[in-house]
file coords-v5.tsv (TSV, C-alpha atoms)
chain	number	residue	atom	x	y	z
A	1	MET	CA	101.28	53.43	67.82
A	2	LYS	CA	104.60	55.23	67.23
A	3	GLU	CA	104.32	57.78	64.44
A	4	THR	CA	106.93	58.22	61.73
A	5	ALA	CA	108.74	61.56	62.03
A	6	CYS	CA	107.55	64.32	59.68
A	7	ASP	CA	110.05	65.94	57.32
A	8	ALA	CA	108.08	69.22	57.23
A	9	PRO	CA	106.45	69.44	60.66
A	10	ILE	CA	103.72	72.01	61.25
A	11	ALA	CA	104.35	74.15	64.33
A	12	PHE	CA	102.11	73.46	67.32
A	13	GLU	CA	100.88	77.08	67.31
A	14	THR	CA	99.99	76.90	63.61
A	15	LEU	CA	97.95	73.77	64.32
A	16	VAL	CA	96.15	75.66	67.10
A	17	GLU	CA	95.37	78.44	64.62
A	18	TYR	CA	94.18	75.81	62.12
A	19	TRP	CA	91.94	74.20	64.74
A	20	LEU	CA	90.42	77.57	65.66
A	21	GLY	CA	89.78	78.59	62.05
A	22	GLU	CA	92.25	81.48	62.04
A	23	LEU	CA	94.10	80.54	58.85
A	24	SER	CA	93.35	81.49	55.24
A	25	PRO	CA	91.36	78.97	53.14
A	26	ALA	CA	94.49	78.07	51.16
A	27	GLU	CA	96.56	77.45	54.29
A	28	THR	CA	93.66	75.50	55.87
A	29	GLU	CA	93.48	73.25	52.83
A	30	ARG	CA	97.23	72.68	52.86
A	31	ILE	CA	97.05	71.58	56.50
A	32	ASP	CA	93.88	69.51	55.87
A	33	GLU	CA	95.83	67.38	53.42
A	34	HIS	CA	98.94	67.27	55.59
A	35	ILE	CA	96.88	65.97	58.53
A	36	ILE	CA	95.64	63.04	56.44
A	37	LEU	CA	99.11	62.27	55.09
A	38	CYS	CA	101.17	62.73	58.24
A	39	GLY	CA	100.85	60.68	61.41
A	40	ALA	CA	103.18	62.87	63.49
A	41	CYS	CA	101.32	66.12	62.81
A	42	SER	CA	97.90	64.51	63.16
A	43	ALA	CA	99.02	63.22	66.57
A	44	LYS	CA	99.94	66.80	67.54
A	45	LEU	CA	96.53	67.98	66.36
A	46	GLY	CA	94.96	65.19	68.42
A	47	GLU	CA	96.72	66.58	71.48
A	48	ILE	CA	95.26	70.06	70.77
A	49	VAL	CA	91.78	68.58	70.40
A	50	GLY	CA	92.23	66.75	73.71
A	51	LEU	CA	93.40	69.89	75.52
A	52	SER	CA	90.51	71.88	74.08
A	53	LYS	CA	88.03	69.28	75.24
A	54	GLY	CA	89.66	69.11	78.68
A	55	VAL	CA	89.55	72.89	79.20
A	56	ARG	CA	85.87	72.90	78.23
A	57	ALA	CA	85.06	69.99	80.55
A	58	ALA	CA	86.89	71.54	83.53
A	59	PHE	CA	85.03	74.82	83.06
A	60	ARG	CA	81.63	73.16	82.55
A	61	LYS	CA	82.07	71.07	85.68
A	62	GLY	CA	83.04	74.16	87.69
A	63	ASP	CA	86.34	72.48	88.51
A	64	ILE	CA	88.46	75.66	88.11
A	65	HIS	CA	88.23	79.25	89.20
A	66	VAL	CA	88.41	81.77	86.40
A	67	ILE	CA	88.06	85.49	85.77
A	68	LEU	CA	85.56	86.15	82.97
A	69	THR	CA	84.27	89.26	81.22
A	70	PRO	CA	80.67	90.55	81.09
A	71	GLY	CA	80.63	89.89	77.33
A	72	PHE	CA	81.61	86.24	77.75
A	73	LEU	CA	79.13	85.83	80.61
A	74	ASP	CA	76.30	87.17	78.41
A	75	HIS	CA	77.35	84.67	75.76
A	76	LEU	CA	77.11	81.79	78.27
A	77	ILE	CA	73.67	82.93	79.40
A	78	ARG	CA	72.49	83.10	75.79
A	79	ARG	CA	73.80	79.55	75.33
A	80	GLY	CA	71.53	78.41	78.17
A	81	VAL	CA	74.13	77.93	80.93
A	82	ARG	CA	72.46	78.17	84.34
A	83	VAL	CA	74.36	81.03	85.94
A	84	ARG	CA	73.81	82.24	89.48
A	85	GLN	CA	75.20	85.76	89.66
A	86	TYR	CA	75.59	88.29	92.41
A	87	ARG	CA	76.31	91.94	91.76
A	88	CYS	CA	78.30	93.72	94.39
A	89	SER	CA	78.72	97.49	94.37
A	90	ARG	CA	82.04	99.11	95.17
A	91	ASN	CA	82.85	98.67	98.89
A	92	GLY	CA	79.56	96.83	99.24
A	93	SER	CA	78.45	93.41	100.44
A	94	VAL	CA	76.05	90.79	99.23
A	95	ALA	CA	74.53	87.58	100.65
A	96	CYS	CA	75.07	84.63	98.34
A	97	SER	CA	74.82	80.85	98.05
A	98	VAL	CA	74.94	78.12	95.43
A	99	GLY	CA	72.20	75.68	94.49
A	100	PRO	CA	72.47	72.14	93.11
A	101	GLU	CA	71.09	73.19	89.74
A	102	ASP	CA	73.65	75.99	89.20
A	103	GLU	CA	76.26	75.41	86.52
A	104	LEU	CA	78.21	78.57	87.14
A	105	LEU	CA	78.50	80.92	90.10
A	106	VAL	CA	79.79	84.45	89.52
A	107	GLY	CA	80.41	87.58	91.51
A	108	ARG	CA	80.15	90.79	89.46
A	109	LEU	CA	82.25	93.36	91.24
A	110	GLU	CA	81.67	96.97	90.19
A	111	VAL	CA	84.92	98.88	89.93
A	112	PRO	CA	86.23	101.94	88.03
A	113	LEU	CA	88.84	100.58	85.61
A	114	SER	CA	89.39	103.41	83.14
A	115	ASP	CA	92.95	104.31	84.23
A	116	VAL	CA	94.01	100.84	85.41
A	117	THR	CA	96.86	99.07	83.65
A	118	ARG	CA	97.31	96.10	85.97
A	119	LEU	CA	94.72	94.73	88.38
A	120	ASP	CA	95.32	92.33	91.27
A	121	ALA	CA	92.69	90.72	93.49
A	122	LEU	CA	93.36	89.89	97.13
A	123	SER	CA	90.99	87.23	98.35
A	124	ARG	CA	90.40	85.99	101.88
A	125	ARG	CA	87.77	83.58	103.21
A	126	SER	CA	86.82	83.57	106.89
A	127	CYS	CA	86.79	79.76	106.88
A	128	ASP	CA	90.54	79.45	106.28
A	129	GLU	CA	91.90	83.00	106.83
A	130	VAL	CA	94.51	82.55	104.12
A	131	GLU	CA	94.95	85.49	101.77
A	132	HIS	CA	95.42	84.62	98.11
A	133	ARG	CA	96.70	87.15	95.62
A	134	LEU	CA	95.49	86.78	92.04
A	135	CYS	CA	98.01	88.74	89.99
A	136	ASP	CA	97.35	90.65	86.79
A	137	ILE	CA	93.77	89.52	86.32
A	138	PRO	CA	92.16	90.14	82.94
A	139	PHE	CA	89.47	92.79	82.66
A	140	ASP	CA	87.59	94.80	80.09
A	141	ALA	CA	88.16	98.42	81.16
A	142	ARG	CA	85.03	99.58	79.32
A	143	SER	CA	82.75	97.35	81.40
A	144	GLY	CA	83.45	98.84	84.83
A	145	GLU	CA	83.24	95.45	86.49
A	146	VAL	CA	85.25	92.32	87.22
A	147	VAL	CA	83.53	88.94	86.86
A	148	VAL	CA	84.87	86.32	89.24
A	149	ALA	CA	83.80	82.69	88.84
A	150	PRO	CA	85.04	80.64	91.83
A	151	ASN	CA	85.71	76.90	91.67
A	152	LEU	CA	82.14	75.64	92.00
A	153	VAL	CA	83.10	72.14	93.11
A	154	ARG	CA	85.11	73.50	96.04
A	155	THR	CA	82.59	76.22	96.88
A	156	ARG	CA	79.85	73.61	97.31
A	157	LEU	CA	81.97	71.92	100.00
A	158	LEU	CA	82.64	75.09	102.02
A	159	PRO	CA	80.77	75.95	105.23
A	160	SER	CA	78.99	79.29	105.53
A	161	HIS	CA	81.64	81.98	105.52
A	162	SER	CA	82.39	85.48	104.40
A	163	HIS	CA	84.65	86.05	101.43
A	164	VAL	CA	86.38	89.41	101.17
A	165	VAL	CA	87.86	90.46	97.84
A	166	ARG	CA	89.95	93.61	97.45
A	167	LEU	CA	90.73	94.89	93.97
A	168	VAL	CA	94.02	96.73	93.73
A	169	SER	CA	95.44	98.77	90.87
A	170	VAL	CA	99.17	98.10	90.49
A	171	ASP	CA	101.49	100.60	88.83
A	172	GLY	CA	105.13	99.62	89.30
A	173	GLU	CA	105.73	99.56	93.07
A	174	ALA	CA	102.62	101.64	93.80
A	175	GLU	CA	99.31	100.04	94.74
A	176	ARG	CA	95.92	101.69	95.03
A	177	LEU	CA	92.85	100.08	96.56
A	178	LEU	CA	89.98	100.33	94.09
A	179	GLY	CA	87.28	98.58	96.07
A	180	GLU	CA	86.52	96.03	98.77
A	181	TYR	CA	83.71	93.49	98.43
A	182	THR	CA	82.20	91.17	101.00
A	183	LEU	CA	80.40	88.05	99.78
A	184	SER	CA	78.56	86.40	102.67
A	185	HIS	CA	78.21	82.82	101.58
A	186	SER	CA	75.50	80.65	103.03
A	187	ALA	CA	76.24	76.93	102.70
A	188	HIS	CA	72.57	76.01	102.41
A	189	GLY	CA	71.18	77.90	99.46
B	1	MET	CA	105.83	63.35	51.73
B	2	VAL	CA	104.57	59.91	50.73
B	3	ASP	CA	105.13	57.19	53.26
B	4	PRO	CA	106.17	54.16	51.14
B	5	ALA	CA	104.41	51.86	53.58
B	6	ASP	CA	101.08	53.43	52.52
B	7	ALA	CA	101.64	52.21	48.96
B	8	ASP	CA	102.65	48.76	50.22
B	9	LEU	CA	99.41	48.52	52.18
B	10	ALA	CA	97.39	49.66	49.17
B	11	ARG	CA	99.01	47.03	46.94
B	12	ALA	CA	98.59	44.27	49.52
B	13	ILE	CA	94.84	44.98	49.71
B	14	ALA	CA	94.42	45.33	45.95
B	15	CYS	CA	96.34	42.14	45.13
B	16	ALA	CA	94.60	39.86	47.63
B	17	GLY	CA	91.11	38.52	47.04
B	18	PRO	CA	88.24	40.54	48.54
B	19	GLY	CA	88.44	40.38	52.32
B	20	CYS	CA	91.67	38.30	52.28
B	21	ALA	CA	94.12	41.05	53.30
B	22	HIS	CA	92.89	41.34	56.89
B	23	GLU	CA	96.20	42.51	58.34
B	24	ALA	CA	96.80	45.15	55.68
B	25	GLU	CA	93.24	46.43	56.00
B	26	ALA	CA	93.53	46.60	59.79
B	27	ALA	CA	96.85	48.45	59.48
B	28	LEU	CA	95.32	50.88	57.01
B	29	TYR	CA	92.43	51.51	59.38
B	30	ARG	CA	94.73	52.04	62.38
B	31	ARG	CA	96.85	54.48	60.42
B	32	PHE	CA	94.22	56.62	58.73
B	33	ALA	CA	91.05	56.40	60.82
B	34	PRO	CA	92.32	58.71	63.62
B	35	ARG	CA	93.52	61.26	61.05
B	36	VAL	CA	90.17	61.21	59.25
B	37	ARG	CA	88.39	61.66	62.57
B	38	LEU	CA	90.48	64.77	63.35
B	39	TYR	CA	89.74	66.17	59.90
B	40	GLY	CA	86.06	65.57	60.61
B	41	LEU	CA	86.21	67.24	64.02
B	42	ARG	CA	87.87	70.29	62.48
B	43	HIS	CA	85.30	70.67	59.71
B	44	LEU	CA	82.12	69.31	61.29
B	45	ARG	CA	82.72	70.33	64.96
B	46	ASP	CA	80.75	67.34	66.16
B	47	GLU	CA	82.00	64.08	67.67
B	48	GLN	CA	79.29	61.89	66.19
B	49	ALA	CA	79.54	63.43	62.74
B	50	ALA	CA	83.33	62.97	62.83
B	51	ALA	CA	82.85	59.30	63.78
B	52	ASP	CA	80.40	58.89	60.88
B	53	LEU	CA	82.89	60.48	58.51
B	54	MET	CA	85.64	58.17	59.74
B	55	GLN	CA	83.53	55.05	59.16
B	56	GLN	CA	82.32	56.12	55.73
B	57	VAL	CA	85.73	57.17	54.46
B	58	MET	CA	87.51	54.06	55.74
B	59	VAL	CA	84.87	51.66	54.39
B	60	THR	CA	84.88	53.38	51.00
B	61	SER	CA	88.70	53.42	50.90
B	62	ILE	CA	88.94	49.70	51.59
B	63	GLU	CA	86.19	48.88	49.08
B	64	GLN	CA	87.91	50.94	46.40
B	65	LEU	CA	91.25	49.30	47.13
B	66	ARG	CA	89.72	45.81	47.05
B	67	GLY	CA	88.09	46.60	43.73
B	68	GLY	CA	91.39	47.81	42.27
B	69	LYS	CA	89.95	51.28	41.75
B	70	VAL	CA	92.81	53.20	43.35
B	71	ARG	CA	94.99	53.81	40.29
B	72	ASN	CA	98.03	55.21	42.04
B	73	PRO	CA	98.82	53.40	45.32
B	74	GLU	CA	101.69	55.87	45.91
B	75	LYS	CA	99.04	58.55	46.40
B	76	LEU	CA	96.85	56.63	48.83
B	77	GLY	CA	96.87	59.52	51.35
B	78	SER	CA	95.72	62.01	48.72
B	79	PHE	CA	93.00	59.58	47.64
B	80	ILE	CA	91.72	59.35	51.23
B	81	PHE	CA	91.94	63.14	51.57
B	82	GLY	CA	89.73	63.52	48.48
B	83	LEU	CA	87.20	61.11	49.98
B	84	CYS	CA	87.22	63.13	53.21
B	85	ARG	CA	86.37	66.34	51.38
B	86	MET	CA	83.56	64.75	49.43
B	87	THR	CA	82.10	62.97	52.44
B	88	VAL	CA	82.17	66.13	54.58
B	89	LEU	CA	80.05	67.86	51.96
B	90	GLU	CA	77.56	64.97	51.99
B	91	LEU	CA	77.43	64.88	55.78
B	92	ARG	CA	76.84	68.62	55.97
B	93	ARG	CA	73.79	68.18	53.79
B	94	GLY	CA	72.36	65.54	56.13
B	95	ARG	CA	73.33	67.38	59.27
B	96	ALA	CA	70.22	69.47	59.85
B	97	ARG	CA	68.11	66.33	59.91
B	98	ARG	CA	70.51	64.55	62.27
B	99	GLU	CA	70.56	67.53	64.64
B	100	ARG	CA	66.79	67.37	64.91
B	101	LEU	CA	66.99	63.65	65.71
B	102	LEU	CA	69.73	64.20	68.28
B	103	GLU	CA	67.62	66.83	69.98
B	104	LEU	CA	64.88	64.22	70.35
B	105	TYR	CA	66.95	61.15	71.24
B	106	GLY	CA	70.44	62.49	72.10
B	107	ARG	CA	70.30	61.81	75.81
B	108	ASP	CA	69.18	58.20	75.35
B	109	LEU	CA	71.81	57.55	72.70
B	110	ALA	CA	74.52	59.00	74.91
B	111	ALA	CA	73.45	56.74	77.79
B	112	ASP	CA	73.67	53.67	75.53
B	113	CYS	CA	77.22	54.47	74.45
B	114	ILE	CA	78.90	54.67	77.88
B	115	ASP	CA	82.18	52.76	78.03
B	116	LEU	CA	83.09	52.64	81.74
B	117	PRO	CA	86.88	51.94	81.61
B	118	ARG	CA	87.37	54.66	79.00
B	119	LEU	CA	85.14	56.97	80.99
B	120	ALA	CA	87.23	56.40	84.14
B	121	GLU	CA	90.45	57.07	82.22
B	122	ALA	CA	88.99	60.20	80.67
B	123	ARG	CA	87.88	61.44	84.10
B	124	LEU	CA	91.39	60.96	85.51
B	125	ALA	CA	92.85	62.94	82.62
B	126	GLU	CA	90.22	65.65	83.10
B	127	ALA	CA	91.02	65.92	86.80
B	128	ARG	CA	94.74	66.19	85.98
B	129	LEU	CA	94.04	68.89	83.42
B	130	ALA	CA	91.86	70.85	85.86
B	131	ARG	CA	94.72	70.88	88.40
B	132	CYS	CA	97.11	72.08	85.69
B	133	LEU	CA	94.68	74.81	84.64
B	134	GLU	CA	94.59	76.06	88.24
B	135	ARG	CA	98.38	76.50	88.07
B	136	LEU	CA	98.26	78.86	85.10
B	137	SER	CA	98.33	82.63	85.43
B	138	GLU	CA	94.91	84.29	85.65
B	139	ARG	CA	95.19	85.71	82.13
B	140	GLU	CA	96.27	82.41	80.62
B	141	ARG	CA	93.39	80.53	82.26
B	142	SER	CA	90.82	83.14	81.20
B	143	VAL	CA	92.06	83.20	77.62
B	144	LEU	CA	92.10	79.40	77.34
B	145	VAL	CA	88.57	79.08	78.75
B	146	MET	CA	87.18	81.85	76.53
B	147	THR	CA	88.96	80.34	73.52
B	148	PHE	CA	88.12	76.67	73.91
B	149	TYR	CA	84.63	76.90	75.40
B	150	ASP	CA	83.32	77.49	71.87
B	151	GLU	CA	86.54	77.19	69.81
B	152	LYS	CA	86.75	80.95	69.28
B	153	PRO	CA	89.52	82.58	67.23
B	154	ALA	CA	91.81	85.16	68.85
B	155	GLN	CA	89.97	88.02	67.16
B	156	GLU	CA	86.72	87.25	69.02
B	157	VAL	CA	88.35	86.60	72.39
B	158	ALA	CA	90.29	89.86	72.01
B	159	LYS	CA	87.07	91.83	71.58
B	160	THR	CA	85.61	90.69	74.89
B	161	LEU	CA	88.89	91.32	76.75
B	162	GLY	CA	89.68	94.69	75.20
B	163	LEU	CA	93.04	93.34	73.95
B	164	SER	CA	94.55	92.93	70.49
B	165	ALA	CA	94.26	89.59	68.69
B	166	ALA	CA	98.06	89.35	68.64
B	167	ASN	CA	98.15	89.79	72.41
B	168	VAL	CA	95.54	87.04	72.86
B	169	ARG	CA	97.61	84.70	70.64
B	170	VAL	CA	100.69	85.30	72.77
B	171	ILE	CA	98.79	84.60	76.02
B	172	ARG	CA	97.13	81.52	74.46
B	173	HIS	CA	100.47	80.20	73.21
B	174	ARG	CA	102.09	80.60	76.65
B	175	GLY	CA	99.09	79.12	78.40
B	176	LEU	CA	99.06	76.03	76.19
B	177	ALA	CA	102.82	75.59	76.61
B	178	HIS	CA	102.48	75.72	80.41
B	179	LEU	CA	99.50	73.38	80.31
B	180	ARG	CA	101.34	70.80	78.17
B	181	ARG	CA	104.41	70.93	80.39
B	182	CYS	CA	102.28	70.48	83.51
B	183	MET	CA	100.38	67.56	81.96
B	184	MET	CA	103.65	65.86	80.98
B	185	GLU	CA	105.07	66.30	84.48
B	186	ARG	CA	101.95	64.88	86.07
B	187	GLU	CA	101.86	61.94	83.65
B	188	ALA	CA	105.45	61.14	84.54
B	189	MET	CA	104.61	61.01	88.27
B	190	PRO	CA	104.49	57.48	89.71
call {"tool": "encode", "arguments": {"input": "coords-v5.tsv", "output": "structure tokens"}}
result
Amino acid sequence: MKETACDAPIAFETLVEYWLGELSPAETERIDEHIILCGACSAKLGEIVGLSKGVRAAFRKGDIHVILTPGFLDHLIRRGVRVRQYRCSRNGSVACSVGPEDELLVGRLEVPLSDVTRLDALSRRSCDEVEHRLCDIPFDARSGEVVVAPNLVRTRLLPSHSHVVRLVSVDGEAERLLGEYTLSHSAHG
Amino acid sequence: MVDPADADLARAIACAGPGCAHEAEAALYRRFAPRVRLYGLRHLRDEQAAADLMQQVMVTSIEQLRGGKVRNPEKLGSFIFGLCRMTVLELRRGRARRERLLELYGRDLAADCIDLPRLAEARLAEARLARCLERLSERERSVLVMTFYDEKPAQEVAKTLGLSAANVRVIRHRGLAHLRRCMMEREAMP
């Protein structure tokens, strides 16, 4: 159904803030009423709700790779998500696998981050020998670790292989290797 | 911002005999039900509760219109908004009980409600969205996942990332813009 144009449209970002409960009670109430009165803005809100649901579904199915933080990972564990996690010390290695019951697979890579402003990860798997560079990955400097959650759907399809991740501090043109991690993945966990 | 057609619908329902204005009632439902559902999702954060709200508000609205109890048809939207607010309060009261029931029977109920064509369509859209998420920058993807997994405001996501809330909003805004653009491009593909 084509919606009639709105003569006082609410910005997409404001609707996102409304959806996430970031607005004041007065502003929330103003938008509450507008949503009921206005087809065009309610359609925009519907799109936000759909995107939100889609992001959640992709993450829950393990259909994307994503860098997390220890705080968020603890939150998932408290929520009852079945997480298989492997800690890997700096320049260390760890044997790992994934089981059918796992909902999330993570590598927790210990790394000193106190003076790091930008962090890149160079990732290479022995099964394809292609190096991927993940640029400017998010991290919580206080935690001293990087939490990598690979695409679970794809990981389940991979043969046994070794996965080498190098974390690099980037400062302008200069790069400094912070740590190298070897994850030896067994296809039959 | 009153849409004159709202008032026309209200009058058509009020002037016809009970149940005789089928087309106007259907049009009213098509127009307002999705908006009421969104309002419900925002305030109840639960699909089933939002669907309950939608049904209750739309049934009450039509009954009130049929009975000539909506005094100002020009303000039909505001009337429905008032019903939404009242009904949300009622539903919140009954929620604890419903949550206990869902815990007991939720899985069975979900299995009964499967609509295969819609499920297939939803899965295609999900797959498209997952591919678009993979194309985002690492920061954008992380912020969107940490935001939408539990519908967290920027302030809370910022805490776990060691960033400012303003910074998280900027990354979230860019990420959503890229995601929307990617989804539109992929939809347009033959």
call {"tool": "interface_residues", "arguments": {"input": "coords-v5.tsv", "of": "chain B", "to": "chain A", "cutoff": "6 Å", "atoms": "only C-alpha atoms", "output": "list in words"}}
result
Arg35, Gly77, Glu126, Ala130, Glu138, Arg139, Ser142, Phe148, Tyr149, Glu151, Pro153, Thr160, Leu161 and Gly162 of chain B
call {"tool": "residues_around", "arguments": {"input": "coords-v5.tsv", "residues": "Arg11 of chain B", "least_positions_apart": "2", "cutoff": "12 Å", "atoms": "only C-alpha atoms", "output": "PyMOL selection string"}}
result
chain B and resi 4-9+13-17+21+24-25+28+62+64-76
call {"tool": "residues_around", "arguments": {"input": "coords-v5.tsv", "residues": "segment 55-58 of chain B", "least_positions_apart": "2", "cutoff": "9 Å", "atoms": "all atoms listed in the file", "output": "CSV table (one decimal) with C-alpha atoms, in the frame of the given file"}}
result
chain,number,residue,atom,x,y,z
B,28,LEU,CA,95.3,50.9,57.0
B,29,TYR,CA,92.4,51.5,59.4
B,32,PHE,CA,94.2,56.6,58.7
B,33,ALA,CA,91.0,56.4,60.8
B,36,VAL,CA,90.2,61.2,59.2
B,37,ARG,CA,88.4,61.7,62.6
B,50,ALA,CA,83.3,63.0,62.8
B,51,ALA,CA,82.8,59.3,63.8
B,52,ASP,CA,80.4,58.9,60.9
B,53,LEU,CA,82.9,60.5,58.5
B,60,THR,CA,84.9,53.4,51.0
B,61,SER,CA,88.7,53.4,50.9
B,62,ILE,CA,88.9,49.7,51.6
B,63,GLU,CA,86.2,48.9,49.1
B,80,ILE,CA,91.7,59.4,51.2
B,83,LEU,CA,87.2,61.1,50.0
B,84,CYS,CA,87.2,63.1,53.2
B,87,THR,CA,82.1,63.0,52.4
call {"tool": "residues_near_point", "arguments": {"input": "coords-v5.tsv", "point": "(87.2, 84.5, 100.8)", "cutoff": "7 Å", "atoms": "all atoms listed in the file", "output": "JSON, numbers by chain"}}
result
{"A": [123, 124, 125, 126, 162, 163, 164, 165]}
call {"tool": "atom_distance", "arguments": {"input": "coords-v5.tsv", "atom1": "atom CA of Phe81 of chain B", "atom2": "atom CA of Ala11 of chain A"}}
result
20.9 Å
call {"tool": "atom_distance", "arguments": {"input": "coords-v5.tsv", "atom1": "atom CA of Glu180 of chain A", "atom2": "atom CA of Ser114 of chain A"}}
result
17.5 Å
call {"tool": "atom_distance", "arguments": {"input": "coords-v5.tsv", "atom1": "atom CA of His132 of chain A", "atom2": "atom CA of Leu152 of chain A"}}
result
17.2 Å
call {"tool": "closest_residue", "arguments": {"input": "coords-v5.tsv", "among": "A:Cys88, A:Val111, A:Val147, A:Leu158", "to": "Leu183 of chain A", "atoms": "all atoms listed in the file"}}
result
A:Cys88
call {"tool": "residues_near_point", "arguments": {"input": "coords-v5.tsv", "point": "(95.0, 78.4, 75.8)", "cutoff": "10 Å", "atoms": "only C-alpha atoms", "output": "VMD selection string"}}
result
(chain A and resid 16 48 51 to 52 55) or (chain B and resid 133 136 139 to 148 168 to 179)
